[in-house]
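Asks: Dropping in protein-v8.csv, with CSV, C-alpha atoms.
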```csv
chain,number,residue,atom,x,y,z
A,1,GLU,CA,89.6,74.1,-16.3
A,2,GLU,CA,92.2,73.0,-18.8
A,3,LEU,CA,93.5,70.4,-16.4
A,4,ALA,CA,89.9,69.2,-15.8
A,5,MET,CA,89.4,68.7,-19.5
A,6,GLN,CA,92.6,66.7,-19.7
A,7,LEU,CA,90.9,64.0,-17.6
A,8,LEU,CA,88.6,63.4,-20.6
A,9,ASP,CA,91.6,62.6,-22.9
A,10,PHE,CA,91.5,58.8,-22.9
A,11,GLU,CA,94.3,58.7,-25.4
A,12,GLN,CA,96.7,59.5,-22.6
A,13,PRO,CA,98.1,56.4,-20.7
A,14,SER,CA,97.1,57.8,-17.3
A,15,ILE,CA,95.2,60.7,-15.6
A,16,ASN,CA,96.1,63.3,-13.0
A,17,VAL,CA,94.2,61.9,-10.0
A,18,GLY,CA,95.0,65.0,-8.0
A,19,THR,CA,92.9,67.0,-10.5
A,20,LEU,CA,90.1,64.4,-10.1
A,21,ASP,CA,90.3,64.8,-6.3
A,22,THR,CA,89.9,68.5,-6.7
A,23,LEU,CA,86.9,68.1,-9.0
A,24,THR,CA,85.1,65.8,-6.6
A,25,GLN,CA,85.8,68.2,-3.8
A,26,TYR,CA,84.3,71.1,-5.8
A,27,PHE,CA,81.3,68.9,-6.7
A,28,TYR,CA,80.5,67.5,-3.3
A,29,HIS,CA,81.6,70.3,-1.1
A,30,GLY,CA,81.6,73.4,-3.3
A,31,ARG,CA,79.2,76.3,-3.0
A,32,PRO,CA,75.9,75.1,-4.5
A,33,GLY,CA,75.4,76.7,-8.0
A,34,SER,CA,79.0,78.1,-8.1
A,35,ALA,CA,80.9,78.0,-11.4
A,36,GLU,CA,83.4,75.6,-9.9
A,37,GLN,CA,80.7,73.2,-8.8
A,38,THR,CA,78.9,73.4,-12.1
A,39,MET,CA,82.1,72.8,-14.1
A,40,ALA,CA,83.1,69.9,-11.8
A,41,GLY,CA,79.7,68.3,-12.3
A,42,GLU,CA,80.0,68.5,-16.1
A,43,VAL,CA,83.5,67.1,-16.3
A,44,LEU,CA,82.7,64.3,-13.8
A,45,THR,CA,79.5,63.4,-15.7
A,46,GLN,CA,81.4,63.3,-19.0
A,47,PHE,CA,84.2,61.2,-17.5
A,48,GLN,CA,81.8,58.7,-16.0
A,49,ALA,CA,79.9,58.4,-19.3
A,50,HIS,CA,83.0,57.6,-21.3
A,51,GLY,CA,83.2,54.0,-22.4
A,52,GLU,CA,86.8,53.7,-21.3
A,53,ALA,CA,86.3,55.3,-17.8
A,54,TRP,CA,86.4,51.9,-16.1
A,55,THR,CA,90.0,51.5,-17.3
A,56,ARG,CA,91.1,54.3,-15.0
A,57,VAL,CA,89.5,52.9,-11.9
A,58,HIS,CA,92.6,51.0,-10.7
A,59,GLN,CA,94.7,54.2,-10.9
A,60,ILE,CA,92.1,56.3,-9.2
A,61,LEU,CA,91.7,53.9,-6.3
A,62,GLU,CA,95.4,53.6,-5.9
A,63,GLU,CA,96.2,57.3,-6.0
A,64,ALA,CA,93.1,59.2,-4.9
A,65,GLN,CA,93.3,61.0,-1.5
A,66,ALA,CA,89.6,61.9,-1.2
A,67,SER,CA,87.0,59.3,-0.3
A,68,GLU,CA,84.6,61.0,-2.6
A,69,THR,CA,86.9,60.3,-5.5
A,70,LYS,CA,87.3,56.7,-4.6
A,71,PHE,CA,83.5,56.4,-4.3
A,72,PHE,CA,83.2,57.9,-7.8
A,73,ALA,CA,85.6,55.3,-9.1
A,74,VAL,CA,83.7,52.4,-7.5
A,75,GLY,CA,80.6,53.8,-9.1
A,76,ILE,CA,82.2,53.7,-12.5
A,77,LEU,CA,83.3,50.1,-12.0
A,78,ASP,CA,79.9,49.1,-10.8
A,79,THR,CA,78.3,50.5,-13.9
A,80,CYS,CA,80.8,48.7,-16.1
A,81,ILE,CA,80.1,45.4,-14.5
A,82,ALA,CA,76.3,46.0,-14.6
A,83,THR,CA,76.3,47.1,-18.3
A,84,GLN,CA,79.4,45.8,-20.1
A,85,TRP,CA,80.4,42.6,-18.3
A,86,LYS,CA,79.1,40.2,-21.0
A,87,ILE,CA,80.8,42.1,-23.8
A,88,LEU,CA,84.2,42.6,-22.2
A,89,PRO,CA,87.0,40.5,-23.6
A,90,PRO,CA,87.8,37.6,-21.2
A,91,GLU,CA,91.2,39.0,-20.3
A,92,GLN,CA,89.7,42.3,-19.2
A,93,ALA,CA,87.0,40.6,-17.2
A,94,ASP,CA,89.6,38.4,-15.5
A,95,GLY,CA,91.7,41.6,-14.8
A,96,ILE,CA,88.7,43.2,-13.1
A,97,LYS,CA,88.1,40.1,-11.0
A,98,SER,CA,91.7,39.9,-9.9
A,99,PHE,CA,91.8,43.6,-9.1
A,100,LEU,CA,88.6,43.3,-7.0
A,101,VAL,CA,89.9,40.2,-5.1
A,102,GLU,CA,93.2,42.0,-4.4
A,103,LEU,CA,91.4,45.1,-3.2
A,104,VAL,CA,89.2,43.1,-0.8
A,105,ILE,CA,92.1,41.2,0.6
A,106,LYS,CA,94.2,44.4,1.0
A,107,LEU,CA,91.3,46.2,2.8
A,108,SER,CA,90.5,43.2,4.9
A,109,SER,CA,94.0,42.6,6.1
A,110,ASP,CA,94.3,45.9,7.9
A,111,GLU,CA,91.6,47.0,10.4
A,112,THR,CA,92.7,50.6,10.3
A,113,LEU,CA,92.7,50.7,6.5
A,114,LEU,CA,89.3,49.0,6.4
A,115,ALA,CA,87.8,51.6,8.6
A,116,GLN,CA,89.3,54.4,6.5
A,117,GLU,CA,88.2,52.9,3.2
A,118,LYS,CA,84.9,51.3,4.1
A,119,VAL,CA,83.2,53.3,1.4
A,120,LEU,CA,84.9,51.1,-1.2
A,121,LEU,CA,83.2,48.0,0.1
```
Written as structure tokens, that's how I'd like the structure from this file.

Replies:
Amino acid sequence: EELAMQLLDFEQPSINVGTLDTLTQYFYHGRPGSAEQTMAGEVLTQFQAHGEAWTRVHQILEEAQASETKFFAVGILDTCIATQWKILPPEQADGIKSFLVELVIKLSSDETLLAQEKVLL
């Protein structure tokens, strides 16, 4: 639980994506109503609602092992684009555009990788 709460410390330069993988597994595949599933849901909801969550998406997509974690990260980015795009500084918006273009090119250049990561598109 302490590691899970560290995910919410946006003062740190990076997060432990392995912990995020574990939380998404608890949330999506845990025993319904279990303490682990409830705790995972609470932490994931708080993480997703944080105004800086979108700044972690690149690291999550690069390091996550679980498809559910990657899907979670794409959802954060989607929300950012839908709700904050017009107020983002131009350099941050350009960074997001570049990241998305690079991701699409990377996934499109390898048929096996595309099949494995189709949830991202």

Asks: Excluding same-chain residues fewer than 6 positions from range 3-12 of chain A, what lies within 12 Å of it counting all atoms listed in the file, as a list in words?

Replies: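 My reading of the contact set: Gly18, Thr19, Leu20, Asp21, Thr22, Leu23, Thr24, Tyr26, Glu36, Met39, Ala40, Gly41, Glu42, Val43, Leu44, Thr45, Gln46, Phe47, Gln48, Ala49, His50, Gly51, Glu52, Ala53, Trp54, Thr55, Arg56 and Ile60 of chain A.
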
Asks: Name all residues at most 12 Å from Ser67 in chain A (count all atoms listed in the file; drop same-chain ones fewer than 4 positions away) and give them as a JSON list (two decimals) with C-alpha atoms, keeping the file's coordinate frame.

Replies:
```json
[["chain", "number", "residue", "atom", "x", "y", "z"],
["A", 20, "LEU", "CA", 90.10, 64.40, -10.10],
["A", 21, "ASP", "CA", 90.30, 64.80, -6.30],
["A", 22, "THR", "CA", 89.90, 68.50, -6.70],
["A", 24, "THR", "CA", 85.10, 65.80, -6.60],
["A", 25, "GLN", "CA", 85.80, 68.20, -3.80],
["A", 28, "TYR", "CA", 80.50, 67.50, -3.30],
["A", 60, "ILE", "CA", 92.10, 56.30, -9.20],
["A", 61, "LEU", "CA", 91.70, 53.90, -6.30],
["A", 62, "GLU", "CA", 95.40, 53.60, -5.90],
["A", 63, "GLU", "CA", 96.20, 57.30, -6.00],
["A", 71, "PHE", "CA", 83.50, 56.40, -4.30],
["A", 72, "PHE", "CA", 83.20, 57.90, -7.80],
["A", 73, "ALA", "CA", 85.60, 55.30, -9.10],
["A", 74, "VAL", "CA", 83.70, 52.40, -7.50],
["A", 115, "ALA", "CA", 87.80, 51.60, 8.60],
["A", 116, "GLN", "CA", 89.30, 54.40, 6.50],
["A", 117, "GLU", "CA", 88.20, 52.90, 3.20],
["A", 118, "LYS", "CA", 84.90, 51.30, 4.10],
["A", 119, "VAL", "CA", 83.20, 53.30, 1.40],
["A", 120, "LEU", "CA", 84.90, 51.10, -1.20],
["A", 121, "LEU", "CA", 83.20, 48.00, 0.10]]
```

Asks: Which residue gives the smallest distance to Thr69 in chain A among A:Glu1, A:Pro90, A:Val17, A:Ser109, with all atoms listed in the file counted?

Replies: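 Smallest separation from Thr69 in chain A among the options: A:Val17.
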
Asks: What is the CA of Glu2 in chain A to CA of Glu68 in chain A distance in Å?

Replies: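 Separation of CA of Glu2 in chain A and CA of Glu68 in chain A: 21.5 Å.
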
Asks: Please report the interatomic distance between CA of Ala64 in chain A and CA of Pro89 in chain A in Å with one decimal.

Replies: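 Going from CA of Ala64 in chain A over to CA of Pro89 in chain A covers 27.1 Å.
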
Asks: What does the distance between CA of Ala82 in chain A and CA of Ile96 in chain A come to in Å, to one decimal place?

Replies: 12.8 Å
